[in-house]
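Structure file protein-v3.tsv (TSV, C-alpha atoms) is printed below.
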chain	number	residue	atom	x	y	z
A	555	MET	CA	259.88	12.77	10.79
A	556	SER	CA	259.20	10.73	13.90
A	557	ARG	CA	261.50	13.18	15.67
A	558	TRP	CA	258.81	15.82	15.19
A	559	PRO	CA	256.39	15.54	18.06
A	560	GLY	CA	252.74	16.53	18.00
A	561	THR	CA	253.22	20.18	18.86
A	562	ILE	CA	255.30	20.78	15.76
A	563	CYS	CA	252.88	18.94	13.53
A	564	ALA	CA	249.99	20.83	15.08
A	565	SER	CA	251.80	24.14	14.58
A	566	ALA	CA	252.59	23.27	10.98
A	567	ALA	CA	249.01	22.21	10.34
A	568	LEU	CA	247.73	25.44	11.89
A	569	PHE	CA	250.13	27.47	9.78
A	570	LEU	CA	249.06	25.69	6.60
A	571	SER	CA	245.38	26.10	7.40
A	572	LEU	CA	245.99	29.81	8.02
A	573	LEU	CA	247.70	30.05	4.64
A	574	ALA	CA	244.79	28.24	3.05
A	575	GLY	CA	242.43	30.67	4.77
A	576	CYS	CA	244.37	33.55	3.29
A	577	ALA	CA	244.26	32.14	-0.23
A	578	HIS	CA	240.62	31.04	-0.11
A	579	ARG	CA	238.49	32.23	-3.02
A	580	PRO	CA	234.92	31.25	-3.79
A	581	PRO	CA	234.22	29.52	-7.13
A	582	PRO	CA	233.68	31.88	-10.10
A	583	LEU	CA	230.26	33.52	-10.34
A	584	TYR	CA	230.20	33.43	-14.14
A	585	TYR	CA	231.29	31.49	-17.18
A	586	TRP	CA	233.60	33.96	-18.94
A	587	GLY	CA	234.60	32.14	-22.08
A	588	SER	CA	236.24	34.64	-24.42
A	589	TYR	CA	234.19	37.69	-23.40
A	590	GLN	CA	237.10	39.95	-22.38
A	591	VAL	CA	239.15	38.82	-25.39
A	592	GLN	CA	236.22	39.76	-27.65
A	593	VAL	CA	235.95	43.16	-25.99
A	594	TYR	CA	239.67	43.79	-26.51
A	595	ASP	CA	239.43	42.70	-30.16
A	596	TYR	CA	236.47	45.00	-30.59
A	597	PHE	CA	238.46	47.96	-29.26
A	598	LYS	CA	241.41	47.13	-31.49
A	599	GLY	CA	239.02	47.05	-34.45
A	600	GLU	CA	241.01	44.33	-36.16
A	601	LYS	CA	238.37	41.62	-36.20
A	602	ASP	CA	235.20	41.17	-38.18
A	603	PRO	CA	232.12	41.49	-35.89
A	604	GLN	CA	230.80	38.22	-37.32
A	605	ALA	CA	233.80	36.34	-35.86
A	606	GLY	CA	233.03	37.88	-32.46
A	607	ILE	CA	229.38	36.84	-32.74
A	608	GLN	CA	230.35	33.25	-33.49
A	609	ALA	CA	232.77	33.10	-30.57
A	610	LEU	CA	230.28	34.58	-28.11
A	611	GLU	CA	227.37	32.43	-29.29
A	612	ALA	CA	229.58	29.36	-28.80
A	613	ASP	CA	230.42	30.63	-25.28
A	614	ARG	CA	226.72	31.14	-24.56
A	615	GLU	CA	226.07	27.53	-25.58
A	616	ARG	CA	228.87	26.28	-23.32
A	617	ALA	CA	227.60	28.36	-20.39
A	618	ARG	CA	224.11	26.94	-20.92
A	619	SER	CA	225.33	23.34	-21.02
A	620	ARG	CA	227.27	23.86	-17.76
A	621	GLY	CA	224.36	25.65	-16.11
A	622	SER	CA	226.60	28.70	-15.53
A	623	ALA	CA	225.57	32.34	-15.70
A	624	LEU	CA	226.95	34.70	-18.35
A	625	PRO	CA	228.99	37.62	-17.01
A	626	PRO	CA	227.74	41.22	-16.82
A	627	GLY	CA	227.93	42.90	-20.21
A	628	PHE	CA	228.24	39.69	-22.22
A	629	GLN	CA	224.81	39.81	-23.87
A	630	ALA	CA	224.98	43.59	-24.29
A	631	HIS	CA	228.30	43.20	-26.10
A	632	LEU	CA	226.78	40.55	-28.33
A	633	ALA	CA	224.01	43.07	-29.02
A	634	VAL	CA	226.57	45.64	-30.23
A	635	LEU	CA	228.09	43.10	-32.59
A	636	TYR	CA	224.66	42.20	-34.01
A	637	GLY	CA	224.03	45.93	-34.40
A	638	LYS	CA	227.26	46.30	-36.38
A	639	THR	CA	226.14	43.59	-38.78
A	640	GLY	CA	222.74	45.23	-39.24
A	641	ARG	CA	220.67	42.61	-37.39
A	642	LEU	CA	218.70	45.03	-35.26
A	643	GLU	CA	216.13	42.54	-33.99
A	644	LEU	CA	218.88	40.31	-32.56
A	645	MET	CA	220.48	43.40	-31.13
A	646	ALA	CA	217.28	44.38	-29.31
A	647	GLU	CA	216.78	40.79	-28.16
A	648	ASN	CA	220.23	40.67	-26.56
A	649	LEU	CA	219.85	44.07	-24.92
A	650	ALA	CA	216.59	42.84	-23.42
A	651	ALA	CA	218.31	39.63	-22.28
A	652	GLU	CA	221.03	41.67	-20.52
A	653	LYS	CA	218.32	43.67	-18.77
A	654	ARG	CA	216.46	40.52	-17.69
A	655	GLN	CA	219.61	38.93	-16.28
A	656	PHE	CA	220.84	42.13	-14.62
A	657	PRO	CA	218.11	44.58	-13.59
A	658	GLU	CA	220.98	46.95	-12.59
A	659	SER	CA	221.42	47.59	-16.34
A	660	SER	CA	217.80	48.73	-16.88
A	661	VAL	CA	218.43	52.49	-17.21
A	662	PHE	CA	221.18	52.05	-19.81
A	663	MET	CA	219.46	49.20	-21.69
A	664	ASP	CA	216.22	51.19	-21.90
A	665	PHE	CA	218.19	54.21	-23.14
A	666	LEU	CA	219.70	52.05	-25.91
A	667	LEU	CA	216.46	50.26	-26.77
A	668	ARG	CA	214.73	53.62	-27.23
A	669	LYS	CA	217.57	54.80	-29.44
A	670	PHE	CA	217.74	51.73	-31.65
A	671	GLN	CA	214.09	50.79	-31.90
A	672	PRO	CA	214.07	48.05	-34.55
A	673	PRO	CA	211.84	49.27	-37.38
A	674	ILE	CA	210.43	45.79	-38.04
A	675	ALA	CA	209.27	45.22	-34.45
A	676	ASP	CA	205.64	46.09	-35.27
A	677	GLU	CA	205.47	44.24	-38.56
A	678	ALA	CA	206.60	40.85	-37.35
A	679	PRO	CA	203.51	38.60	-37.36
A	680	GLN	CA	203.34	36.40	-34.28
B	602	MET	CA	261.57	12.29	21.54
B	603	ARG	CA	261.79	15.87	22.63
B	604	CYS	CA	260.98	18.44	20.02
B	605	PRO	CA	263.97	20.64	19.21
B	606	ALA	CA	263.20	24.11	20.54
B	607	SER	CA	264.35	25.63	17.27
B	608	PHE	CA	261.43	23.98	15.45
B	609	GLU	CA	258.94	25.44	17.85
B	610	ARG	CA	260.51	28.83	17.47
B	611	LEU	CA	260.42	28.44	13.72
B	612	ALA	CA	256.72	27.56	13.77
B	613	ALA	CA	255.97	30.53	16.01
B	614	LEU	CA	257.98	32.79	13.73
B	615	LEU	CA	256.14	31.55	10.63
B	616	ILE	CA	252.81	32.27	12.26
B	617	LEU	CA	253.96	35.74	13.23
B	618	ILE	CA	255.11	36.37	9.66
B	619	TRP	CA	251.74	35.21	8.40
B	620	LEU	CA	249.89	37.49	10.79
B	621	GLY	CA	252.17	40.35	9.88
B	622	GLY	CA	251.53	39.73	6.18
B	623	CYS	CA	247.79	39.91	6.61
B	624	ALA	CA	247.61	42.88	8.96
B	625	HIS	CA	247.67	46.13	7.01
B	626	PRO	CA	246.81	49.58	8.23
B	627	ALA	CA	243.05	49.55	7.72
B	628	TYR	CA	241.55	51.55	4.87
B	629	ASP	CA	238.71	53.82	5.92
B	630	TYR	CA	235.67	52.16	4.35
B	631	SER	CA	233.03	54.30	6.06
B	632	SER	CA	231.86	56.05	2.84
B	633	PHE	CA	231.96	52.74	0.96
B	634	LYS	CA	229.80	51.04	3.58
B	635	GLU	CA	227.38	53.93	3.62
B	636	SER	CA	227.03	53.82	-0.18
B	637	ARG	CA	227.18	50.04	-0.94
B	638	PRO	CA	227.05	50.42	-4.74
B	639	ALA	CA	225.62	47.52	-6.77
B	640	SER	CA	226.70	48.62	-10.24
B	641	ILE	CA	229.92	50.13	-11.55
B	642	LEU	CA	230.51	52.20	-14.68
B	643	VAL	CA	234.13	51.80	-15.75
B	644	LEU	CA	235.17	54.92	-17.65
B	645	PRO	CA	237.83	54.67	-20.38
B	646	PRO	CA	241.13	54.98	-18.43
B	647	LEU	CA	243.35	58.03	-18.61
B	648	ASN	CA	246.75	57.15	-19.96
B	649	SER	CA	249.96	58.82	-18.92
B	650	SER	CA	252.16	56.10	-20.42
B	651	PRO	CA	253.62	56.56	-23.93
B	652	ASP	CA	251.71	53.57	-25.37
B	653	VAL	CA	248.31	54.50	-26.82
B	654	ALA	CA	247.13	50.88	-26.44
B	655	ALA	CA	247.07	51.21	-22.63
B	656	THR	CA	243.58	52.72	-22.31
B	657	TYR	CA	241.71	49.95	-24.09
B	658	SER	CA	243.94	47.19	-22.79
B	659	LEU	CA	243.09	48.07	-19.19
B	660	LEU	CA	239.44	48.81	-20.00
B	661	SER	CA	238.91	45.37	-21.51
B	662	GLU	CA	240.42	43.65	-18.43
B	663	ALA	CA	238.47	45.58	-15.80
B	664	THR	CA	235.16	43.67	-15.94
B	665	PHE	CA	236.37	40.30	-14.64
B	666	PRO	CA	237.72	41.33	-11.21
B	667	LEU	CA	234.79	43.67	-10.51
B	668	ALA	CA	232.07	41.25	-11.64
B	669	GLU	CA	233.61	38.31	-9.77
B	670	SER	CA	233.69	40.58	-6.71
B	671	GLY	CA	229.90	40.85	-6.93
B	672	TYR	CA	229.22	44.01	-8.95
B	673	TYR	CA	227.23	44.59	-12.09
B	674	VAL	CA	229.70	46.13	-14.53
B	675	LEU	CA	228.22	48.12	-17.38
B	676	PRO	CA	229.22	46.72	-20.80
B	677	VAL	CA	232.50	48.55	-21.39
B	678	ALA	CA	232.47	48.56	-25.21
B	679	LEU	CA	228.89	49.77	-25.36
B	680	VAL	CA	229.63	52.52	-22.84
B	681	ASP	CA	232.63	53.63	-24.88
B	682	GLU	CA	230.53	53.60	-28.06
B	683	THR	CA	227.90	55.75	-26.36
B	684	PHE	CA	230.52	58.36	-25.39
B	685	ARG	CA	231.88	58.38	-28.94
B	686	GLN	CA	228.46	58.86	-30.48
B	687	ASN	CA	228.12	61.90	-28.27
B	688	GLY	CA	231.43	63.32	-29.47
B	689	LEU	CA	233.43	62.24	-26.43
B	690	ASP	CA	236.44	60.22	-27.48
B	691	SER	CA	239.06	61.43	-25.04
B	692	PRO	CA	239.23	59.85	-21.57
B	693	ALA	CA	240.29	63.24	-20.16
B	694	ASP	CA	237.01	64.82	-21.34
B	695	ILE	CA	234.97	61.84	-20.15
B	696	HIS	CA	236.55	62.02	-16.68
B	697	GLN	CA	235.36	65.64	-16.44
B	698	LEU	CA	231.66	64.84	-17.01
B	699	PRO	CA	229.36	65.70	-14.11
B	700	VAL	CA	228.38	62.66	-12.04
B	701	GLU	CA	224.66	63.49	-12.35
B	702	LYS	CA	224.93	63.20	-16.15
B	703	LEU	CA	226.65	59.80	-15.90
B	704	ARG	CA	224.04	58.59	-13.44
B	705	GLN	CA	221.23	59.78	-15.72
B	706	ILE	CA	222.45	58.00	-18.88
B	707	PHE	CA	223.96	54.83	-17.42
B	708	GLY	CA	222.03	54.40	-14.18
B	709	ALA	CA	225.14	53.10	-12.38
B	710	ASP	CA	225.61	53.57	-8.64
B	711	ALA	CA	229.32	54.29	-8.94
B	712	ALA	CA	231.94	55.12	-11.55
B	713	LEU	CA	235.52	53.91	-11.68
B	714	TYR	CA	238.18	56.39	-12.77
B	715	ILE	CA	241.37	54.57	-13.77
B	716	GLU	CA	244.71	56.09	-14.71
B	717	VAL	CA	247.38	53.97	-16.40
B	718	LYS	CA	250.76	55.23	-15.25
B	719	GLU	CA	253.11	52.68	-16.81
B	720	TYR	CA	252.45	50.37	-19.74
B	721	GLY	CA	254.99	48.55	-21.84
B	722	THR	CA	258.39	46.99	-22.09
B	723	ARG	CA	261.71	48.45	-21.02
B	724	TYR	CA	264.99	46.90	-22.08
B	725	VAL	CA	267.67	46.92	-19.43
B	726	VAL	CA	271.03	45.55	-20.59
B	727	VAL	CA	270.24	41.86	-21.16
B	728	ALA	CA	266.72	41.57	-19.79
B	729	SER	CA	263.39	43.16	-20.61
B	730	ASP	CA	260.72	44.19	-18.15
B	731	THR	CA	257.09	44.49	-19.21
B	732	ARG	CA	255.29	46.45	-16.56
B	733	VAL	CA	251.77	47.84	-16.12
B	734	THR	CA	250.92	50.20	-13.27
B	735	ALA	CA	247.53	51.78	-12.68
B	736	ALA	CA	245.61	53.70	-10.05
B	737	ALA	CA	241.84	53.81	-9.61
B	738	ARG	CA	239.20	55.79	-7.77
B	739	LEU	CA	235.62	54.63	-7.17
B	740	VAL	CA	233.15	57.52	-6.99
B	741	ASP	CA	229.50	57.35	-5.94
B	742	LEU	CA	227.40	58.79	-8.78
B	743	ARG	CA	224.54	59.64	-6.41
B	744	SER	CA	226.59	61.68	-3.93
B	745	GLY	CA	229.84	62.42	-5.79
B	746	LYS	CA	231.81	61.02	-2.84
B	747	THR	CA	235.01	59.03	-3.33
B	748	LEU	CA	234.35	55.54	-1.91
B	749	TRP	CA	237.72	53.92	-2.47
B	750	ALA	CA	241.08	54.53	-4.12
B	751	GLY	CA	243.98	52.20	-4.78
B	752	ALA	CA	246.92	51.39	-7.03
B	753	ALA	CA	248.61	48.24	-8.33
B	754	THR	CA	251.45	47.14	-10.51
B	755	ALA	CA	252.50	43.92	-12.24
B	756	SER	CA	255.65	43.00	-14.08
B	757	SER	CA	256.78	40.19	-16.38
B	758	ASN	CA	259.87	39.81	-14.19
B	759	GLU	CA	258.13	38.82	-10.99
B	760	ASN	CA	259.36	35.65	-9.39
B	761	ASN	CA	256.10	33.77	-9.19
B	762	ASN	CA	257.50	31.06	-6.92
B	763	SER	CA	258.17	33.48	-4.11
B	764	SER	CA	255.14	35.71	-4.63
B	765	GLY	CA	251.83	34.10	-3.73
B	766	LEU	CA	249.91	37.11	-4.98
B	767	GLY	CA	251.61	37.01	-8.36
B	768	LEU	CA	250.82	33.36	-8.74
B	769	ALA	CA	247.18	33.90	-7.78
B	770	GLY	CA	246.95	36.74	-10.28
B	771	LEU	CA	248.47	34.65	-13.04
B	772	LEU	CA	246.19	31.71	-12.26
B	773	ILE	CA	243.14	33.93	-12.54
B	774	LYS	CA	244.54	35.22	-15.79
B	775	ALA	CA	244.96	31.69	-17.09
B	776	ILE	CA	241.36	30.85	-16.26
B	777	VAL	CA	239.99	33.94	-17.96
B	778	GLU	CA	242.02	33.76	-21.12
B	779	GLN	CA	242.40	30.12	-21.95
B	780	VAL	CA	242.27	31.17	-25.56
B	781	VAL	CA	245.12	33.65	-25.68
B	782	SER	CA	246.77	32.98	-28.98
B	783	ASN	CA	248.80	36.14	-29.42
B	784	LEU	CA	251.68	35.81	-26.98
B	785	ALA	CA	253.32	38.84	-28.55
B	786	ASP	CA	250.81	41.02	-26.75
B	787	LYS	CA	252.72	40.70	-23.52
B	788	ALA	CA	251.83	44.08	-22.08
B	789	HIS	CA	248.14	43.24	-22.41
B	790	ALA	CA	248.66	39.97	-20.51
B	791	VAL	CA	250.47	41.85	-17.74
B	792	ALA	CA	247.63	44.43	-17.73
B	793	GLY	CA	245.24	41.59	-16.86
B	794	VAL	CA	247.26	40.82	-13.72
B	795	THR	CA	247.42	44.52	-12.82
B	796	ALA	CA	243.63	44.81	-13.24
B	797	ASN	CA	243.04	41.83	-10.95
B	798	ARG	CA	245.37	43.17	-8.28
B	799	LEU	CA	243.82	46.61	-8.53
B	800	LEU	CA	240.14	45.71	-8.65
B	801	ALA	CA	239.44	42.29	-7.08
B	802	ALA	CA	237.75	42.40	-3.67
B	803	GLY	CA	239.21	40.50	-0.75
B	804	ARG	CA	242.67	42.02	-1.07
B	805	PRO	CA	244.31	44.18	1.60
B	806	ASN	CA	242.85	47.69	1.27
B	807	GLY	CA	241.02	46.59	-1.89
B	808	ILE	CA	237.42	47.22	-2.87
B	809	LEU	CA	234.72	45.49	-0.83
B	810	TYR	CA	232.59	42.64	-2.14
B	811	GLY	CA	229.43	43.66	-4.00
B	812	PRO	CA	225.82	42.46	-3.64
B	813	ARG	CA	226.14	39.56	-6.10
B	814	SER	CA	228.99	37.94	-4.17
B	815	PRO	CA	228.38	35.33	-1.46
B	816	LEU	CA	230.93	37.32	0.58
B	817	TYR	CA	228.90	40.55	0.42
B	818	LEU	CA	228.85	42.38	3.79
B	819	LYS	CA	231.30	39.86	5.22
B	820	ASP	CA	234.47	41.84	4.59
B	821	GLY	CA	236.07	45.17	5.29
B	822	SER	CA	236.09	44.68	9.05
B	823	PRO	CA	239.34	45.70	10.73
B	824	THR	CA	239.87	42.15	12.04
B	825	PRO	CA	238.34	39.44	9.85
As a first step, turn the structure in this file into structure tokens.
Amino acid sequence: MSRWPGTICASAALFLSLLAGCAHRPPPLYYWGSYQVQVYDYFKGEKDPQAGIQALEADRERARSRGSALPPGFQAHLAVLYGKTGRLELMAENLAAEKRQFPESSVFMDFLLRKFQPPIADEAPQ
Amino acid sequence: MRCPASFERLAALLILIWLGGCAHPAYDYSSFKESRPASILVLPPLNSSPDVAATYSLLSEATFPLAESGYYVLPVALVDETFRQNGLDSPADIHQLPVEKLRQIFGADAALYIEVKEYGTRYVVVASDTRVTAAARLVDLRSGKTLWAGAATASSNENNNSSGLGLAGLLIKAIVEQVVSNLADKAHAVAGVTANRLLAAGRPNGILYGPRSPLYLKDGSPTP
């Protein structure tokens, strides 16, 4: 090793730093949990929506405790699952949450909210 | 203590190899940079492989690379459900819809048209190869212009020790799906790597970073 003078070490260090530069990735933007797994299960139609709801709600809790953001589509997917189990108010709530987090979703979320207006929205005493 | 010339030559060679590896013929990003979409509607992929599972396997893996690249990705299951409720359950029909209609319903800036070309396991003498290959085209829903197109492949037989990209892809995969329990679904796991190679920004000739990424507007230059 002592036979390697400074130029070699400098070259090696430069090479390694270049490699590191190539492989550099910023930290994740979102806490993903099982979101994509839940989406795949949903498409396969093999799992009860209630199981998906439980998994995603647990992910939401973990994201909250870490102070991480939920990924695009997460809360909207949760809304679909609540819709499948007939809980329309929770469905609307999650669609609205998706829209709040991602204003880019407004057109689609508004389209869905108009379509699935929960019938009890006006009756609920506040 | 004179440095052996061969070491210096080796170091120079390694640097040249590195530079060569990073320098690709530059993709023409002029339409992409003009459009700068913020949201992407991923349409159910066309499937020209024999396995019917390919469409939804790829579709459920597409959100991660695009969202982590800084885009809003419309909820894929809800989008699919919306097509179905309007009598559209074939990707071929969905891919024919006019862009104005897609823009009107979903409000996305761009749509991603994916085609799965290979999906599944082939048995060759003693070994098996699970391979997923897909191509994608990003189209601006406001102008109808194609902003970007690319293709990627991944295989269960890749030597991850010699392929940095494969390792990176598999690491991402491991982070996303810590909870994979069904190892039998090998093609789906490979599809995740294909999706990341195809759709993550920051790759040679890949899509550019979107507005929610800290790297937005910092890429796509011919010489970074």
* Asked: With distances taken over all atoms listed in the file, which of B:Asp629, B:Glu635, B:Glu669, B:Asp710 is nearest to chain A?
  ->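 Once distances to chain A are computed over all atoms listed in the file, the minimum belongs to B:Glu669.
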*Got a sec: who's within 7 Å of B:Val791, counting only C-alpha atoms, leaving out chain neighbours fewer than 6 positions off, as a PyMOL selection string?*
chain B and resi 732-733+755-757
Kindly provide, as lines of an AutoDock Vina configuration file, the centre and edge lengths (Å, one decimal) of an axis-aligned box around all atoms of stretch 748-754 of chain B given in the file, with 4 Å on each side.
center_x = 242.9
center_y = 51.3
center_z = -6.2
size_x = 25.1
size_y = 16.4
size_z = 16.6
Nearest to chain A, restricted to all atoms listed in the file and choosing among B:Ala654, B:Leu689, B:Val717, B:Ala750, comes out as B:Ala654
query: So which one's closest to chain A, B:Tyr720, B:Tyr817, B:Trp749, B:Tyr628? Using all atoms listed in the file, please.
result: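 Result for the nearest residue to chain A: B:Tyr817.
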**Message:** Distance cut-off 6 Å, counting only C-alpha atoms - which residues of chain B neighbour chain A? Return them as a list in words.
**Reply:** Met602, Cys604, Ser661, Glu669, Tyr673, Val674, Leu675, Pro676, Phe707 and Gly708 of chain B
Filtering to C-alpha atoms, could you give me those residues as a CSV table (one decimal), in the coordinates of the input?
chain,number,residue,atom,x,y,z
B,602,MET,CA,261.6,12.3,21.5
B,604,CYS,CA,261.0,18.4,20.0
B,661,SER,CA,238.9,45.4,-21.5
B,669,GLU,CA,233.6,38.3,-9.8
B,673,TYR,CA,227.2,44.6,-12.1
B,674,VAL,CA,229.7,46.1,-14.5
B,675,LEU,CA,228.2,48.1,-17.4
B,676,PRO,CA,229.2,46.7,-20.8
B,707,PHE,CA,224.0,54.8,-17.4
B,708,GLY,CA,222.0,54.4,-14.2
I need the residue nearest A:Pro603 from this list: A:Met645, A:Arg668, A:Glu615, A:Tyr636. Use all atoms listed in the file for the distance.
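Distance minimum relative to A:Pro603 lands on A:Tyr636.
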Handout entry: Near-B:Asn797 list (8 Å; only C-alpha atoms; drop same-chain fewer than 3 positions) as a PyMOL selection string
Key = chain B and resi 663+665-666+770+793-794+800-801
Task: Spatial neighbours of B:Ile641, 6 Å, all atoms listed in the file, chain gap at least 4 places, as a list in words - done: Val674, Ala709, Ala711 and Ala712 of chain B
